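Have a look at run.pdb below; it lists PDB, C-alpha atoms.
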```pdb
ATOM      1  CA  MET A1223      31.515 -18.455   6.266
ATOM      2  CA  SER A1224      28.070 -16.835   6.191
ATOM      3  CA  ALA A1225      25.638 -17.349   9.063
ATOM      4  CA  THR A1226      22.683 -19.654   8.638
ATOM      5  CA  TYR A1227      19.320 -20.315  10.229
ATOM      6  CA  TYR A1228      17.109 -23.396  10.161
ATOM      7  CA  ARG A1229      13.556 -23.716   8.911
ATOM      8  CA  PHE A1230      10.837 -26.325   9.259
ATOM      9  CA  LEU A1231       7.876 -26.204   6.882
ATOM     10  CA  ILE A1232       5.035 -28.055   8.582
ATOM     11  CA  GLU A1233       1.985 -28.889   6.475
ATOM     12  CA  ASN A1234      -1.273 -30.749   7.075
ATOM     13  CA  LEU A1235      -1.548 -29.324  10.586
ATOM     14  CA  GLN A1236      -5.026 -29.589  12.072
ATOM     15  CA  ALA A1237      -6.312 -26.316  13.518
ATOM     16  CA  GLU A1238      -7.049 -27.899  16.906
ATOM     17  CA  GLN A1239      -3.420 -29.084  17.127
ATOM     18  CA  GLU A1240      -1.854 -25.685  16.439
ATOM     19  CA  ASP A1241      -1.619 -24.251  19.972
ATOM     20  CA  VAL A1242      -0.115 -27.369  21.534
ATOM     21  CA  LEU A1243       2.290 -27.887  18.651
ATOM     22  CA  THR A1244       3.577 -24.299  18.625
ATOM     23  CA  SER A1245       4.133 -24.394  22.395
ATOM     24  CA  PHE A1246       6.111 -27.614  21.973
ATOM     25  CA  LEU A1247       8.252 -26.023  19.233
ATOM     26  CA  PHE A1248       9.039 -22.943  21.295
ATOM     27  CA  GLU A1249      10.044 -25.188  24.191
ATOM     28  CA  HIS A1250      12.487 -26.900  21.831
ATOM     29  CA  GLY A1251      14.284 -23.832  20.570
ATOM     30  CA  ALA A1252      12.054 -22.247  17.934
ATOM     31  CA  ALA A1253      12.748 -18.518  17.544
ATOM     32  CA  GLY A1254       9.610 -17.757  15.577
ATOM     33  CA  ILE A1255       6.613 -19.334  13.891
ATOM     34  CA  SER A1256       4.729 -17.943  10.908
ATOM     35  CA  GLU A1257       1.395 -19.269   9.703
ATOM     36  CA  LYS A1258       0.717 -19.182   5.984
ATOM     37  CA  LEU A1259      -2.526 -17.205   5.768
ATOM     38  CA  ASP A1260      -5.181 -17.063   3.092
ATOM     39  CA  PHE A1261      -7.393 -14.068   2.446
ATOM     40  CA  SER A1262     -10.487 -13.358   0.398
ATOM     41  CA  GLN A1263     -11.874 -10.096  -0.916
ATOM     42  CA  SER A1264     -15.470  -9.221  -1.643
ATOM     43  CA  THR A1265     -16.241  -7.888  -5.092
ATOM     44  CA  GLU A1266     -17.892  -4.850  -3.556
ATOM     45  CA  HIS A1267     -15.351  -3.432  -1.127
ATOM     46  CA  TYR A1268     -12.117  -5.341  -1.773
ATOM     47  CA  GLU A1269     -11.449  -5.491   1.945
ATOM     48  CA  PRO A1270      -9.224  -8.483   2.761
ATOM     49  CA  ILE A1271     -10.782 -11.004   5.106
ATOM     50  CA  PHE A1272      -8.758 -13.704   6.852
ATOM     51  CA  VAL A1273      -9.936 -17.191   5.931
ATOM     52  CA  ASP A1274      -9.654 -19.552   8.898
ATOM     53  CA  LYS A1275      -8.793 -23.059   7.728
ATOM     54  CA  ALA A1276      -9.210 -26.456   9.337
ATOM     55  CA  VAL A1277      -5.859 -27.604   7.922
ATOM     56  CA  LYS A1278      -2.907 -25.217   8.126
ATOM     57  CA  SER A1279       0.725 -24.740   7.138
ATOM     58  CA  VAL A1280       3.331 -23.059   9.328
ATOM     59  CA  GLU A1281       6.961 -22.115   8.979
ATOM     60  CA  VAL A1282       9.156 -22.578  12.062
ATOM     61  CA  PHE A1283      12.481 -20.730  12.377
ATOM     62  CA  PHE A1284      15.472 -21.675  14.530
ATOM     63  CA  GLU A1285      18.538 -19.531  15.113
ATOM     64  CA  LYS A1286      20.650 -22.648  15.686
ATOM     65  CA  GLN A1287      20.292 -26.256  14.644
ATOM     66  CA  PRO A1288      17.240 -27.781  16.338
ATOM     67  CA  PRO A1289      17.482 -31.094  18.221
ATOM     68  CA  LEU A1290      18.274 -33.882  15.786
ATOM     69  CA  ASP A1291      15.305 -35.944  16.956
ATOM     70  CA  LEU A1292      12.801 -33.056  16.847
ATOM     71  CA  LYS A1293      11.327 -33.950  13.467
ATOM     72  CA  GLU A1294      11.052 -37.624  14.474
ATOM     73  CA  ASN A1295       9.313 -36.756  17.745
ATOM     74  CA  LEU A1296       6.849 -34.504  15.953
ATOM     75  CA  LEU A1297       5.900 -37.249  13.518
ATOM     76  CA  ILE A1298       5.481 -39.778  16.368
ATOM     77  CA  ASN A1299       2.966 -37.463  18.050
ATOM     78  CA  TYR A1300       1.420 -36.096  14.840
ATOM     79  CA  PRO A1301       1.863 -38.776  12.167
ATOM     80  CA  ALA A1302      -0.298 -36.937   9.602
ATOM     81  CA  LEU A1303       2.101 -33.984   9.441
ATOM     82  CA  LYS A1304       4.281 -33.349   6.428
ATOM     83  CA  ILE A1305       7.578 -31.802   7.573
ATOM     84  CA  SER A1306      10.474 -30.545   5.485
ATOM     85  CA  ALA A1307      13.634 -29.155   7.102
ATOM     86  CA  SER A1308      16.218 -26.874   5.537
ATOM     87  CA  GLU A1309      19.236 -24.774   6.423
ATOM     88  CA  GLU A1310      19.067 -21.272   4.944
ATOM     89  CA  GLU A1311      21.639 -18.541   4.455
ATOM     90  CA  ASP A1312      21.023 -15.687   6.871
ATOM     91  CA  LYS A1313      20.666 -12.452   4.915
ATOM     92  CA  ASP A1314      20.640  -8.756   5.637
ATOM     93  CA  TRP A1315      16.917  -8.491   4.994
ATOM     94  CA  MET A1316      16.935  -4.692   4.841
ATOM     95  CA  SER A1317      19.572  -4.752   2.103
ATOM     96  CA  GLU A1318      17.717  -7.540   0.299
ATOM     97  CA  TRP A1319      14.482  -5.565   0.484
ATOM     98  CA  LYS A1320      16.121  -2.452  -0.978
ATOM     99  CA  LYS A1321      17.357  -4.408  -4.002
ATOM    100  CA  GLY A1322      13.764  -4.577  -5.211
ATOM    101  CA  PHE A1323      13.514  -0.817  -5.760
ATOM    102  CA  GLU A1324      14.841   1.171  -8.701
ATOM    103  CA  ALA A1325      14.444   4.756  -9.861
ATOM    104  CA  PHE A1326      11.880   5.218 -12.632
ATOM    105  CA  ALA A1327      10.137   7.992 -14.552
ATOM    106  CA  LEU A1328       6.779   8.714 -12.942
ATOM    107  CA  TYR A1329       5.508  11.208 -15.511
ATOM    108  CA  LYS A1330       7.193  13.541 -17.991
ATOM    109  CA  GLY A1331      10.580  14.518 -16.503
ATOM    110  CA  ILE A1332       9.692  13.620 -12.925
ATOM    111  CA  TRP A1333      11.380  10.546 -11.492
ATOM    112  CA  LEU A1334      10.668   8.561  -8.374
ATOM    113  CA  VAL A1335      13.984   7.741  -6.756
ATOM    114  CA  PRO A1336      14.570   5.559  -3.671
ATOM    115  CA  SER A1337      16.240   7.808  -1.112
ATOM    116  CA  TRP A1338      19.362   5.611  -0.958
ATOM    117  CA  LEU A1339      20.037   5.873  -4.736
ATOM    118  CA  GLN A1340      21.509   8.623  -6.909
ATOM    119  CA  ILE A1341      19.142  10.777  -8.967
ATOM    120  CA  PRO A1342      19.490   9.814 -12.669
ATOM    121  CA  GLU A1343      21.209  12.459 -14.802
ATOM    122  CA  ASN A1344      18.270  12.634 -17.226
ATOM    123  CA  ALA A1345      15.732  13.394 -14.479
ATOM    124  CA  GLU A1346      14.322  16.928 -14.734
ATOM    125  CA  ASP A1347      12.954  16.646 -11.199
ATOM    126  CA  ALA A1348      12.926  13.892  -8.594
ATOM    127  CA  ILE A1349      10.791  12.723  -5.724
ATOM    128  CA  LEU A1350      12.985  10.973  -3.169
ATOM    129  CA  ILE A1351      10.938   8.228  -1.602
ATOM    130  CA  ASP A1352      11.604   5.843   1.255
ATOM    131  CA  PRO A1353       8.656   3.456   1.538
ATOM    132  CA  GLY A1354       9.980   1.827   4.702
ATOM    133  CA  MET A1355       7.872  -1.284   5.225
ATOM    134  CA  ALA A1356       4.708   0.511   4.116
ATOM    135  CA  PHE A1357       2.632   0.202   0.972
ATOM    136  CA  GLY A1358       3.087   2.749  -1.774
ATOM    137  CA  THR A1359       6.163   2.943  -3.988
ATOM    138  CA  GLY A1360       4.549   4.557  -7.027
ATOM    139  CA  THR A1361       5.051   1.604  -9.360
ATOM    140  CA  HIS A1362       1.382   0.633  -9.524
ATOM    141  CA  ALA A1363      -0.662   1.670 -12.548
ATOM    142  CA  THR A1364      -3.220   3.472 -10.377
ATOM    143  CA  THR A1365      -0.528   5.798  -8.981
ATOM    144  CA  LYS A1366       0.898   6.515 -12.426
ATOM    145  CA  LEU A1367      -2.567   7.343 -13.750
ATOM    146  CA  CYS A1368      -3.231   9.635 -10.806
ATOM    147  CA  ALA A1369       0.137  11.335 -11.235
ATOM    148  CA  LYS A1370      -0.556  12.100 -14.904
ATOM    149  CA  LEU A1371      -3.984  13.603 -14.227
ATOM    150  CA  LEU A1372      -2.724  15.558 -11.218
ATOM    151  CA  HIS A1373       0.354  16.929 -12.992
ATOM    152  CA  ASP A1374      -1.589  18.092 -16.038
ATOM    153  CA  PHE A1375      -4.471  19.515 -14.018
ATOM    154  CA  LEU A1376      -2.185  21.638 -11.847
ATOM    155  CA  ASP A1377      -0.315  22.899 -14.905
ATOM    156  CA  LYS A1378      -3.595  24.255 -16.317
ATOM    157  CA  ASN A1379      -5.589  25.224 -13.222
ATOM    158  CA  LYS A1380      -4.864  27.376 -10.181
ATOM    159  CA  ILE A1381      -6.307  26.132  -6.904
ATOM    160  CA  LYS A1382      -6.273  27.331  -3.307
ATOM    161  CA  ASN A1383      -6.075  23.973  -1.567
ATOM    162  CA  MET A1384      -6.263  20.217  -2.033
ATOM    163  CA  ILE A1385      -6.466  17.018  -0.041
ATOM    164  CA  ASP A1386      -4.912  13.646  -0.827
ATOM    165  CA  VAL A1387      -7.131  11.015   0.796
ATOM    166  CA  GLY A1388      -5.299   7.758   1.441
ATOM    167  CA  CYS A1389      -1.945   9.314   0.584
ATOM    168  CA  GLY A1390       0.105   6.147   1.102
ATOM    169  CA  THR A1391       3.725   7.197   1.366
ATOM    170  CA  GLY A1392       2.996  10.722   0.122
ATOM    171  CA  ILE A1393       3.972  10.568  -3.549
ATOM    172  CA  LEU A1394       0.976  12.412  -5.003
ATOM    173  CA  ALA A1395       0.955  15.091  -2.300
ATOM    174  CA  ILE A1396       4.651  15.735  -2.983
ATOM    175  CA  LEU A1397       4.003  15.933  -6.716
ATOM    176  CA  ALA A1398       1.260  18.501  -6.114
ATOM    177  CA  ALA A1399       3.493  20.578  -3.847
ATOM    178  CA  LYS A1400       6.132  20.656  -6.572
ATOM    179  CA  ARG A1401       3.604  21.955  -9.116
ATOM    180  CA  GLN A1402       1.891  24.714  -7.121
ATOM    181  CA  GLN A1403       2.351  26.694  -3.915
ATOM    182  CA  VAL A1404      -0.980  25.694  -2.360
ATOM    183  CA  GLU A1405      -2.258  24.398   0.953
ATOM    184  CA  ILE A1406      -2.076  20.606   0.858
ATOM    185  CA  ASP A1407      -3.542  18.229   3.418
ATOM    186  CA  ALA A1408      -3.176  14.458   3.336
ATOM    187  CA  THR A1409      -4.772  11.587   5.226
ATOM    188  CA  GLU A1410      -3.716   7.965   5.623
ATOM    189  CA  ILE A1411      -5.343   5.266   7.732
ATOM    190  CA  ASP A1412      -2.259   3.004   7.943
ATOM    191  CA  VAL A1413       0.065   4.136  10.748
ATOM    192  CA  ASP A1414       3.284   2.924   9.089
ATOM    193  CA  ALA A1415       2.413   4.562   5.777
ATOM    194  CA  ARG A1416       1.497   7.791   7.560
ATOM    195  CA  GLU A1417       4.897   7.933   9.242
ATOM    196  CA  CYS A1418       6.564   7.320   5.881
ATOM    197  CA  ALA A1419       4.444  10.065   4.305
ATOM    198  CA  ILE A1420       5.572  12.533   6.957
ATOM    199  CA  GLU A1421       9.235  11.637   6.389
ATOM    200  CA  ASN A1422       8.938  11.706   2.599
ATOM    201  CA  THR A1423       7.092  15.015   2.425
ATOM    202  CA  GLU A1424       9.588  16.667   4.763
ATOM    203  CA  ARG A1425      12.453  15.248   2.709
ATOM    204  CA  ASN A1426      11.087  16.627  -0.568
ATOM    205  CA  VAL A1427       8.878  19.629   0.201
ATOM    206  CA  PRO A1428       9.514  20.572   3.844
ATOM    207  CA  GLY A1429       6.610  22.339   5.502
ATOM    208  CA  ARG A1430       4.429  22.122   2.403
ATOM    209  CA  VAL A1431       2.237  19.090   3.142
ATOM    210  CA  ASN A1432       0.206  18.628   6.299
ATOM    211  CA  VAL A1433      -0.154  14.883   6.943
ATOM    212  CA  LEU A1434      -3.149  14.812   9.258
ATOM    213  CA  ASP A1435      -3.757  12.516  12.193
ATOM    214  CA  LEU A1436      -7.457  12.851  11.330
ATOM    215  CA  GLN A1437      -9.316  10.686   8.866
ATOM    216  CA  VAL A1438     -11.607  12.116   6.209
ATOM    217  CA  ASP A1439     -14.777  11.625   8.266
ATOM    218  CA  LYS A1440     -13.441  14.069  10.897
ATOM    219  CA  ILE A1441     -12.368  16.843   8.502
ATOM    220  CA  ASP A1442     -14.526  19.986   8.284
ATOM    221  CA  LYS A1443     -12.647  21.999   5.618
ATOM    222  CA  VAL A1444     -13.716  22.450   1.995
ATOM    223  CA  TYR A1445     -11.237  21.774  -0.831
ATOM    224  CA  ASP A1446     -10.864  22.854  -4.442
ATOM    225  CA  LEU A1447      -9.215  19.566  -5.391
ATOM    226  CA  LEU A1448      -9.593  16.114  -3.881
ATOM    227  CA  VAL A1449      -7.244  13.291  -4.889
ATOM    228  CA  ALA A1450      -7.936   9.684  -3.931
ATOM    229  CA  ASN A1451      -5.996   6.688  -5.213
ATOM    230  CA  ILE A1452      -8.105   4.037  -3.498
ATOM    231  CA  ILE A1453      -9.929   0.933  -4.704
ATOM    232  CA  ASP A1454     -13.347   1.737  -6.183
ATOM    233  CA  GLY A1455     -15.447   0.078  -3.495
ATOM    234  CA  VAL A1456     -13.826   2.229  -0.817
ATOM    235  CA  LEU A1457     -14.296   5.349  -2.962
ATOM    236  CA  ILE A1458     -18.005   4.591  -3.033
ATOM    237  CA  GLN A1459     -18.041   4.147   0.745
ATOM    238  CA  LEU A1460     -16.342   7.519   1.195
ATOM    239  CA  LYS A1461     -18.485   9.486  -1.259
ATOM    240  CA  ALA A1462     -20.627  11.153   1.432
ATOM    241  CA  ASP A1463     -17.495  12.480   3.167
ATOM    242  CA  PHE A1464     -16.016  13.593  -0.158
ATOM    243  CA  MET A1465     -19.160  15.562  -0.914
ATOM    244  CA  ARG A1466     -19.118  17.140   2.533
ATOM    245  CA  ILE A1467     -15.560  18.495   2.147
ATOM    246  CA  SER A1468     -16.023  19.775  -1.412
ATOM    247  CA  LYS A1469     -18.311  22.208  -3.216
ATOM    248  CA  SER A1470     -19.860  22.794  -6.604
ATOM    249  CA  GLY A1471     -16.958  23.359  -8.980
ATOM    250  CA  SER A1472     -14.479  21.282  -6.958
ATOM    251  CA  HIS A1473     -12.481  18.758  -8.943
ATOM    252  CA  PHE A1474     -11.792  15.155  -7.957
ATOM    253  CA  ILE A1475      -9.002  12.931  -9.260
ATOM    254  CA  LEU A1476     -10.029   9.348  -8.556
ATOM    255  CA  SER A1477      -7.964   6.271  -9.331
ATOM    256  CA  GLY A1478      -8.289   2.579  -8.520
ATOM    257  CA  ILE A1479     -11.270   1.611 -10.683
ATOM    258  CA  LEU A1480     -11.068  -1.796 -12.332
ATOM    259  CA  ASP A1481     -12.244  -2.026 -15.919
ATOM    260  CA  GLU A1482     -14.897  -4.580 -14.994
ATOM    261  CA  ARG A1483     -16.201  -2.238 -12.279
ATOM    262  CA  ARG A1484     -16.441   0.981 -14.303
ATOM    263  CA  ALA A1485     -20.185   0.799 -14.922
ATOM    264  CA  HIS A1486     -20.877   0.107 -11.251
ATOM    265  CA  PHE A1487     -18.603   2.970 -10.181
ATOM    266  CA  ALA A1488     -20.214   5.369 -12.645
ATOM    267  CA  LYS A1489     -23.653   4.520 -11.272
ATOM    268  CA  GLU A1490     -22.818   4.431  -7.547
ATOM    269  CA  PHE A1491     -20.278   7.270  -7.317
ATOM    270  CA  LEU A1492     -20.487   9.576 -10.314
ATOM    271  CA  GLY A1493     -24.229   9.428 -10.970
ATOM    272  CA  SER A1494     -25.556  12.894 -11.786
ATOM    273  CA  ASP A1495     -23.244  14.641  -9.302
ATOM    274  CA  PHE A1496     -20.181  14.882 -11.533
ATOM    275  CA  ALA A1497     -19.096  15.680 -15.057
ATOM    276  CA  ILE A1498     -16.201  13.630 -16.422
ATOM    277  CA  VAL A1499     -13.434  15.987 -17.557
ATOM    278  CA  GLU A1500     -10.836  13.366 -18.421
ATOM    279  CA  GLN A1501     -10.328   9.634 -18.036
ATOM    280  CA  GLU A1502      -7.237   7.499 -18.443
ATOM    281  CA  GLN A1503      -6.584   3.754 -18.599
ATOM    282  CA  MET A1504      -3.494   1.648 -17.873
ATOM    283  CA  ASP A1505      -3.689  -2.126 -17.915
ATOM    284  CA  GLU A1506      -7.009  -3.045 -16.265
ATOM    285  CA  TRP A1507      -7.198   0.186 -14.251
ATOM    286  CA  TRP A1508      -8.974   3.495 -14.845
ATOM    287  CA  ALA A1509      -8.625   6.950 -13.335
ATOM    288  CA  TYR A1510     -10.934   9.949 -13.660
ATOM    289  CA  LEU A1511     -10.707  13.714 -13.425
ATOM    290  CA  VAL A1512     -14.240  14.849 -12.632
ATOM    291  CA  LYS A1513     -15.895  18.153 -11.741
ATOM    292  CA  ARG A1514     -18.588  18.353  -9.113
ATOM    293  CA  LEU A1515     -21.759  19.906 -10.512
TER     294      LEU A1515
END
```

Spit out the file's structure as structure tokens when you get a sec.
Amino acid sequence: MSATYYRFLIENLQAEQEDVLTSFLFEHGAAGISEKLDFSQSTEHYEPIFVDKAVKSVEVFFEKQPPLDLKENLLINYPALKISASEEEDKDWMSEWKKGFEAFALYKGIWLVPSWLQIPENAEDAILIDPGMAFGTGTHATTKLCAKLLHDFLDKNKIKNMIDVGCGTGILAILAAKRQQVEIDATEIDVDARECAIENTERNVPGRVNVLDLQVDKIDKVYDLLVANIIDGVLIQLKADFMRISKSGSHFILSGILDERRAHFAKEFLGSDFAIVEQEQMDEWWAYLVKRL
């Protein structure tokens, strides 16, 4: 018989009641409490902002059956609450999480393959990726667009060095290292993703990609090629640093521009500083290969 755990979904909880209620639940056997959060994003920078609400919902988890009168006691003290209780099958969450990943063709004969799966027979080359719990599995349109532009650019152009800004789990840096023997740096602001990038690059192209502890504002090198798969508002914020670490004739591959934001991006980022060499669209997303003038 499989193990189970118990869950309370508590809705219509007033914000001022939250601290007292959660303390009461922990005193009565709760193993964990998770608040259902809402976020908003500005149209300019797409930075998620937590929205604090006056009325909240929380999930409460118990490793064993909670006291039979717990729900009744909660409703006596907080009659406005809506409480639903359930018994859930306890799963191997790591195994469940891995089920969501499959190997797929990234571009031309290159496949992205989760590190725990076999490389497909029809793959000409493979990037073995373990995203851990970090963002960046290569399935998003912006990554596919970037991969196409990067692959084709490196097949036609020789460079001395490049930087992947916001490298995620390292997919694009690995792709570049497989195309040319060049110096490759990569930055990533998220600690978990950076650790994954280090592991993934060493798994695929050991010693070929330098995942920096620095962020782009602290870098003082100049690069032939800059790759950034980041949302357009952040690209605009980082333009001054991008210009500082590049030179006339440097190429940029930029992805993460929404169709509705293209005109704004062209005005605020490209302006008269760049010539568009190539542009690609997938779904509502655009990516550019541009040359700095």

Go through A:Phe1496, A:Tyr1329, A:Gln1287, A:Asp1274 and flag the residue nearest Ala1363 in chain A, using only C-alpha atoms for the distances.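 Looking at the shortest contact to Ala1363 in chain A, the residue is A:Tyr1329.
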
Between CA of Leu1394 in chain A and CA of Ala1369 in chain A, what distance in Å does the model show, to one decimal?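 Calculated distance between CA of Leu1394 in chain A and CA of Ala1369 in chain A is 6.4 Å.
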
Residues of range 1360-1421 of chain A within 9 Å of range 1430-1433 of chain A: nearest atom pair and distance (Å, one decimal) for each, counting all atoms listed in the file, sorted by chain and number, as CSV?
```
residue,atom,partner,partner_atom,distance
A:Cys1389,CA,A:Val1433,CA,8.6
A:Gly1392,CA,A:Val1433,CA,8.6
A:Ala1395,CA,A:Val1431,CA,6.9
A:Ile1396,CA,A:Val1431,CA,7.4
A:Ala1399,CA,A:Arg1430,CA,6.5
A:Gln1403,CA,A:Arg1430,CA,8.1
A:Val1404,CA,A:Arg1430,CA,8.0
A:Glu1405,CA,A:Arg1430,CA,7.2
A:Ile1406,CA,A:Val1431,CA,5.1
A:Asp1407,CA,A:Asn1432,CA,4.7
A:Ala1408,CA,A:Val1433,CA,4.7
A:Thr1409,CA,A:Val1433,CA,5.9
A:Glu1410,CA,A:Val1433,CA,7.9
A:Arg1416,CA,A:Val1433,CA,7.3
A:Glu1417,CA,A:Val1433,CA,8.9
A:Ala1419,CA,A:Val1433,CA,7.2
A:Ile1420,CA,A:Val1433,CA,6.2
```

Expected answer as a PyMOL selection string: all residues with atoms within 10 Å of (-21.6, 15.5, -9.4), only C-alpha atoms: chain A and resi 1465+1469-1474+1491-1498+1512-1515

The residue from A:Glu1346, A:Glu1240, A:Asp1481, A:Asp1446 with the smallest atom-to-atom distance to Phe1464 in chain A, counting all atoms listed in the file, is A:Asp1446
